[in-house]
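Everything on this sheet refers to the single structure shown next.
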Amino acid sequence: MKVCVIGNSHLAAIKRAWDLAIDDRAGVDGHFFGSSFKDSHRLEPDGGRLVASGGIGHTPPGVDAIAIDAYEAFLLVGLSTGLSNFVSVIAKHRTVSTDGAQAPHLVSDGAFDLAVRRSFESSAGASIASMIRSVSRTAPIVIMPSPLFRRGITTMGSPLWRAAAPWLPRLELAWRKAVDEFAATNELIFDPQPEETVEDRFWTKDAYGLGSIRMSGGMTEERTEVEFRHMNPDYGLIALRSALRRLGVDIRSSQAAPEADVDSDQRSGAGSAQAS
Amino acid sequence: MIDAASPFTEHWRMWHRFRRLWKTEPPRQEADPAESPVARSSSCDGRNEAADARDLEPTTAEPPSRRREHGGSPYSGLLARAFWRTGVSERPPLQFEDLFKSKFPIGRRHAIATAGSCFAQHIGRRFAAAGYKVIDAEPAPRGFTEEDARLYGYGLYSARYGNIYTARQLSQLAREAFGEFTPAESVWRKDDRYYDAFRPSVEPNGLSSPEEVAAHRRSHLAYVREVIEKADLFIFTFGLTEAWEHTASKTVYPTAPGTIAGDFDPDVFSFRNFTHAETLADFLAFYELAKARNAKIRFLLTVSPVPLTATASDEHVLAATLYSKSTLRSVAGELYHRLDDVEYFPSYEIIAAHPSKASFYEEDLRSVSAAGVETVMGTFFAAQGADPAAGEPTRKGRRDGAAKTRSKQDLVCEDLLLEAFAK
């Protein structure tokens with residue numbers, strides 16, 4: 001199966017996991033296309049292709065556009081589709097039931113749900129999914145949401161995150177509703193963040209944030225700074241396994257633990273001849 | 001088709017005859033101005049007829065208030081804009097460049113608040129698009145499209161108060177915001193949903209409980225206070241004299257109970273058609289309250305040219321419209337003349353007065369076309385020394401059907417719902 005994997009900065013963990021853990025035995029051939037957060041909105045349709053005016057940041061060698069018909073399936077990684085990406089909606093507008101007394105502006109439940117839905121619809125992930133679907137009515141498209149932030153953001157993040165606890169359940173309700181509606185309308189597969197990577201419903205376990213991978217530098221460099229948004233190849237492998245399972249690909253038999261028995265230098269790019 | 005022998009056709013011929021006379025025979029050439037068709041057609045109040053026709057010649061000199069002298073006619077030396085012939089008849093059609101002379105400058109540094117009937121939505125939007133600092137105290141949630149925002153009453157005015165059709169509604173809102181008035185029957189119900197009776201259209205699906213409505217209203221009123229306290233200029237468009245009120249408490253509503261939500265009970269609610277005196281007193285009450293909280297605030301008044309959708313006055317809707325608009329125009333005029341910090345902008349005259357021949361209305365003779373809005377705002381901006389096209393939503397094809405449709409559909413007007421009750 002020839003799979004097109006498109007993502008923003010979260011693509012790095014997935015790509016690294018793929019390079020480390022998937023080989024030809026999996027029967028899946030991955031082509032990776034990545035752009036930074038601010039550039040991920042620049043993809044636009046051009047006939048049966050997706051192009052970016054300034055070029056797509058990371059592409060397979062010799063490829064400068066995404067030819068939609070060339071792929072049997074698509075994985076959309078991150079692209080501002082995760083719950084944590086929608087906190088900005090609640091920054092100034094909250095319902096009475098979600099800490100309304102503290103909110104700058106009260107909104108009705110209907111308005112709040114609509115705001116989250118519109119925000120999801122305008123995310124890079126939703127936009128790219130729509131573009132792909134406009135060309136291919138049948139190719140499976142799996143949305144792999146941006147991972148939940150790690151809890152550390154509540155102590156080291158913005159004041160908004162420090163007071164997050166009361167309104168995250170309401171935000172999750174609206175977000176999941178928006179995701180499900182969008183997925184149903186566009187015949188997409190939404191693959192939620194695997195439970196084993198989550199703690200207390202709203203946070204990614206710290207273990208998956210240590211050694212997170214940068215997209216720059218060939219998607220092999222680990223971050224050294226403290227941050228709570230990006231994950232490591234361990235996370236990437238779990239998420240990837242779940243997403244590929246949605247496509248009928250089971251990589252359990254063909255993969256090994258990323259850093260355990262694999263020579264990463266030798267395996268990088270080899271797990272899929274086309275991976276880049 | 002017009003019958004060639006109809007009274008209308010004859011009237012039309014007479015009008016053209018008068019126009020020819022007007023152009024070829026200026027007043028001073030008339031042997032007896034009072035008897036000439038020109039004099040008869042130019043004024044009915046007797047002042048011009050008594051004046052020496054030669055003194056009526058327009059001039060570009062200083063206005064009479066600054067140069068009246070003993071002797072001669074007080075009309076001598078008036079500006080061209082003071083005479084119907086030079087101010088209207090001989091002008092190219094639909095040009096109003098000197099119709100409005102601003103009392104005070106309105107700059108892009110001024111914080112502008114807007115409120116009023118649905119026509120006022122055009123004003124705020126165009127000011128904002130032209131780069132003026134229009135207060136938006138209750139912005140739409142992140143992610144909302146423009147259409148979503150309109151649906152939920154965001155971005156229509158400086159706070160999310162919806163349409164304010166009457167001066168009584170305006171003063172009531174301000175008094176409520178500053179704790180001087182407690183309205184009655186403030187929550188209306190429809191099925192199992194609850195609505196703010198004073199802005200029932202801002203939540204299209206209502207809220208879940210009366211308590212939630214109250215919480216939203218408390219939050220809203222805080223922003224109403226903020227708007228009044230921060231505004232350098234408060235633009236208000238008078239819309240109607242007709243309203244429905246809670247009889248016992250004199251609380252007024254923007255819509256009749258039972259139109260969007262609530263139930264109409266004639267023992268509880270009654271119809272009001274406010275007079276000039278009442279409307280004047282209501283605006284002055286608002287004016288005084290606002291000035292007490294914000295000494296620098298000034299006011300720009302307009303009268304909506306949009307006719308009534310329906311009247312409950314028992315008059316014909318045309319007569320009711322003329323009563324309503326005449327009253328509002330009169331009040332605006334009195335406020336303009338009495339108060340130095342109150343400006344009047346004649347958008348009503350541009351759209352509704354007969355020189356425009358109803359060309360700024362759409363086919364229903366009620367909705368104002370996009371071209372009408374552009375002319376109004378262009379006239380205003382030109383008078384401020386700004387680009388008349390400032391803030392136009394689209395320059396290309398602005399007179400096409402799409403632009404007209406956009407003008408009509410962009411507005412949120414609860415009174416249009418009354419059409420559903422027409423038999």
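Identifiers in the structure tokens: chain A, B, ... in order shown; residue index from 1 per chain; ligand index from 1 in order shown.
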Sort by chain and increasing residue number a table of all residues of region 4-74 of chain A within 12 Å of region 198-211 of chain A, each with its closest pair of atoms and their distance in Å to one decimal, counting only C-alpha atoms, and write it as JSON lines.
{"residue": "A:His10", "atom": "CA", "partner": "A:Gly209", "partner_atom": "CA", "distance": 11.6}
{"residue": "A:Ala12", "atom": "CA", "partner": "A:Gly211", "partner_atom": "CA", "distance": 11.5}
{"residue": "A:Ala13", "atom": "CA", "partner": "A:Gly211", "partner_atom": "CA", "distance": 9.7}
{"residue": "A:Arg16", "atom": "CA", "partner": "A:Gly211", "partner_atom": "CA", "distance": 11.6}
Please dump the current selection as a PDB file, in the first residue's frame; keep N, CA, C and O atoms.
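In the end it all went to selection_5.pdb:
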ATOM      1  N   HIS A  10       4.439  17.742  14.115  1.00  0.00           N
ATOM      2  CA  HIS A  10       4.206  16.437  14.747  1.00  0.00           C
ATOM      3  C   HIS A  10       4.559  15.265  13.817  1.00  0.00           C
ATOM      4  O   HIS A  10       4.624  14.113  14.247  1.00  0.00           O
ATOM      5  N   ALA A  12       7.351  14.704  12.656  1.00  0.00           N
ATOM      6  CA  ALA A  12       8.707  14.222  12.934  1.00  0.00           C
ATOM      7  C   ALA A  12       8.707  12.943  13.767  1.00  0.00           C
ATOM      8  O   ALA A  12       9.453  11.993  13.461  1.00  0.00           O
ATOM      9  N   ALA A  13       7.859  12.905  14.788  1.00  0.00           N
ATOM     10  CA  ALA A  13       7.829  11.706  15.632  1.00  0.00           C
ATOM     11  C   ALA A  13       7.328  10.499  14.849  1.00  0.00           C
ATOM     12  O   ALA A  13       7.812   9.369  15.034  1.00  0.00           O
ATOM     13  N   ARG A  16      10.068   9.463  12.272  1.00  0.00           N
ATOM     14  CA  ARG A  16      11.190   8.795  12.950  1.00  0.00           C
ATOM     15  C   ARG A  16      10.803   7.370  13.352  1.00  0.00           C
ATOM     16  O   ARG A  16      11.583   6.424  13.189  1.00  0.00           O
TER      17      ARG A  16
END
Contact table chain B vs chain A, cut-off 12 Å, shortest pair per residue, only C-alpha atoms, as a Markdown table:
| residue | atom | partner | partner_atom | distance |
| --- | --- | --- | --- | --- |
| B:Ala137 | CA | A:His105 | CA | 9.7 |
| B:Glu138 | CA | A:His105 | CA | 7.2 |
| B:Pro139 | CA | A:His105 | CA | 8.6 |
| B:Ala140 | CA | A:His93 | CA | 8.6 |
| B:Pro141 | CA | A:Ala115 | CA | 6.1 |
| B:Arg142 | CA | A:Val89 | CA | 5.3 |
| B:Gly143 | CA | A:Ser119 | CA | 4.6 |
| B:Phe144 | CA | A:Ala115 | CA | 5.4 |
| B:Thr145 | CA | A:Arg118 | CA | 7.6 |
| B:Glu146 | CA | A:Arg118 | CA | 11.3 |
| B:Glu147 | CA | A:Arg118 | CA | 11.5 |
| B:Asp148 | CA | A:Leu114 | CA | 8.2 |
| B:Ala149 | CA | A:Ala111 | CA | 9.2 |
| B:Arg150 | CA | A:Ala111 | CA | 11.6 |
| B:Leu151 | CA | A:Ala111 | CA | 9.7 |
| B:Tyr152 | CA | A:Ala111 | CA | 7.4 |
| B:Gly153 | CA | A:Ala111 | CA | 10.7 |
| B:Tyr154 | CA | A:Ala111 | CA | 10.8 |
| B:Ala159 | CA | A:His105 | CA | 11.5 |
| B:Arg160 | CA | A:His105 | CA | 11.0 |
| B:Arg193 | CA | A:Ser108 | CA | 11.7 |
| B:Tyr194 | CA | A:Ser108 | CA | 11.4 |
| B:Tyr195 | CA | A:Ser108 | CA | 11.2 |
| B:Val202 | CA | A:Ser108 | CA | 10.2 |
| B:Glu203 | CA | A:Ser108 | CA | 7.6 |
| B:Pro204 | CA | A:Gly110 | CA | 8.9 |
| B:Asn205 | CA | A:Gly110 | CA | 7.5 |
| B:Gly206 | CA | A:Ser108 | CA | 8.2 |
| B:Leu207 | CA | A:Ser108 | CA | 6.6 |
| B:Ser208 | CA | A:Ser108 | CA | 8.7 |
| B:Ser209 | CA | A:Val96 | CA | 10.8 |
| B:Glu211 | CA | A:Val96 | CA | 9.7 |
| B:Glu212 | CA | A:Val96 | CA | 6.9 |
| B:Val213 | CA | A:Ser108 | CA | 9.3 |
| B:Ala214 | CA | A:Val96 | CA | 10.6 |
| B:Ala215 | CA | A:Val96 | CA | 7.6 |
| B:His216 | CA | A:Leu106 | CA | 6.1 |
| B:Arg217 | CA | A:Leu106 | CA | 9.4 |
| B:Arg218 | CA | A:Leu106 | CA | 9.7 |
| B:Ser219 | CA | A:Leu106 | CA | 6.9 |
| B:His220 | CA | A:His105 | CA | 8.3 |
| B:Leu221 | CA | A:His105 | CA | 11.5 |
| B:Ala222 | CA | A:His105 | CA | 10.3 |
| B:Tyr223 | CA | A:His105 | CA | 9.5 |
As a VMD selection string, please: every residue in region 160-234 of chain A that a backbone DSSP assignment puts in strand (DSSP E or B). chain A and resid 189 to 190 198 to 199 203 to 204 213 222
Give me, as a PyMOL selection string, all polymer residues having an atom no more than 6 Å from region 222-228 of chain A, counting only C-alpha atoms and skipping those fewer than 6 positions away in the same chain. chain A and resi 149-150+211-213
Please identify all polymer residues within 10 Å of Ala164 (chain A), counting only C-alpha atoms, omitting same-chain residues fewer than 2 positions from it, and present them as an mmCIF file with N, CA, C and O atoms, in the first residue's frame.
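In the end it all went to around-v6.cif:
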data_model
loop_
_atom_site.group_PDB
_atom_site.id
_atom_site.type_symbol
_atom_site.label_atom_id
_atom_site.label_comp_id
_atom_site.auth_asym_id
_atom_site.auth_seq_id
_atom_site.Cartn_x
_atom_site.Cartn_y
_atom_site.Cartn_z
ATOM 1 N N VAL A 87 -7.806 25.381 22.438
ATOM 2 C CA VAL A 87 -7.889 26.136 23.688
ATOM 3 C C VAL A 87 -8.116 27.618 23.414
ATOM 4 O O VAL A 87 -8.770 28.315 24.187
ATOM 5 N N ILE A 90 -11.567 28.988 23.793
ATOM 6 C CA ILE A 90 -12.125 29.175 25.123
ATOM 7 C C ILE A 90 -11.417 30.297 25.897
ATOM 8 O O ILE A 90 -11.814 30.647 27.000
ATOM 9 N N ALA A 91 -10.402 30.852 25.283
ATOM 10 C CA ALA A 91 -9.639 31.878 25.996
ATOM 11 C C ALA A 91 -10.513 33.056 26.405
ATOM 12 O O ALA A 91 -10.387 33.584 27.510
ATOM 13 N N ASP A 99 -17.069 27.630 34.080
ATOM 14 C CA ASP A 99 -16.329 28.716 34.700
ATOM 15 C C ASP A 99 -16.753 30.069 34.128
ATOM 16 O O ASP A 99 -15.947 30.978 33.971
ATOM 17 N N ILE A 153 2.422 22.012 30.941
ATOM 18 C CA ILE A 153 2.015 23.304 30.401
ATOM 19 C C ILE A 153 1.135 24.081 31.378
ATOM 20 O O ILE A 153 1.028 25.304 31.296
ATOM 21 N N THR A 154 0.521 23.369 32.316
ATOM 22 C CA THR A 154 -0.333 24.067 33.276
ATOM 23 C C THR A 154 0.479 24.820 34.319
ATOM 24 O O THR A 154 -0.050 25.686 35.013
ATOM 25 N N SER A 158 0.869 29.460 29.552
ATOM 26 C CA SER A 158 0.196 30.741 29.725
ATOM 27 C C SER A 158 -0.800 30.669 30.881
ATOM 28 O O SER A 158 -1.168 29.589 31.335
ATOM 29 N N PRO A 159 -1.256 31.819 31.368
ATOM 30 C CA PRO A 159 -2.275 31.829 32.426
ATOM 31 C C PRO A 159 -3.520 31.037 32.031
ATOM 32 O O PRO A 159 -4.167 30.435 32.883
ATOM 33 N N LEU A 160 -3.820 31.043 30.768
ATOM 34 C CA LEU A 160 -4.994 30.294 30.313
ATOM 35 C C LEU A 160 -4.844 28.813 30.634
ATOM 36 O O LEU A 160 -5.761 28.180 31.156
ATOM 37 N N TRP A 161 -3.668 28.278 30.347
ATOM 38 C CA TRP A 161 -3.448 26.859 30.620
ATOM 39 C C TRP A 161 -3.398 26.569 32.114
ATOM 40 O O TRP A 161 -3.803 25.495 32.560
ATOM 41 N N ARG A 162 -2.952 27.537 32.876
ATOM 42 C CA ARG A 162 -2.874 27.308 34.326
ATOM 43 C C ARG A 162 -4.260 27.119 34.932
ATOM 44 O O ARG A 162 -4.409 26.519 35.988
ATOM 45 N N PRO A 166 -11.097 23.442 34.716
ATOM 46 C CA PRO A 166 -12.572 23.473 34.732
ATOM 47 C C PRO A 166 -13.223 23.373 33.362
ATOM 48 O O PRO A 166 -14.333 22.890 33.236
ATOM 49 N N TRP A 167 -12.554 23.853 32.346
ATOM 50 C CA TRP A 167 -13.257 23.925 31.065
ATOM 51 C C TRP A 167 -12.790 22.919 30.015
ATOM 52 O O TRP A 167 -13.362 22.819 28.952
ATOM 53 N N LEU A 168 -11.769 22.144 30.318
ATOM 54 C CA LEU A 168 -11.326 21.155 29.330
ATOM 55 C C LEU A 168 -12.401 20.114 28.985
ATOM 56 O O LEU A 168 -12.549 19.749 27.814
ATOM 57 N N PRO A 169 -13.190 19.633 29.960
ATOM 58 C CA PRO A 169 -14.238 18.662 29.585
ATOM 59 C C PRO A 169 -15.243 19.243 28.586
ATOM 60 O O PRO A 169 -15.653 18.560 27.646
#
Hey, what's within 7 Å of region 98-108 of chain B if we count only C-alpha atoms and toss same-chain stuff fewer than 3 positions away? As a PDB file with C-alpha atoms, in the first residue's frame, please?
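The new file around31.pdb reads:
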ATOM      1  CA  ARG B  81     -27.123  74.770  -1.020  1.00  0.00           C
ATOM      2  CA  GLY B 131     -10.340  52.287   9.211  1.00  0.00           C
ATOM      3  CA  TYR B 132     -12.268  54.142  11.866  1.00  0.00           C
ATOM      4  CA  LYS B 133     -11.978  52.890  15.422  1.00  0.00           C
ATOM      5  CA  GLU B 343     -24.676  66.047  14.921  1.00  0.00           C
ATOM      6  CA  PHE B 345     -26.370  63.243   9.217  1.00  0.00           C
ATOM      7  CA  PRO B 346     -29.081  63.315   6.544  1.00  0.00           C
ATOM      8  CA  ALA B 383     -17.695  65.587   4.190  1.00  0.00           C
ATOM      9  CA  GLN B 384     -15.021  64.362   6.576  1.00  0.00           C
TER      10      GLN B 384
END
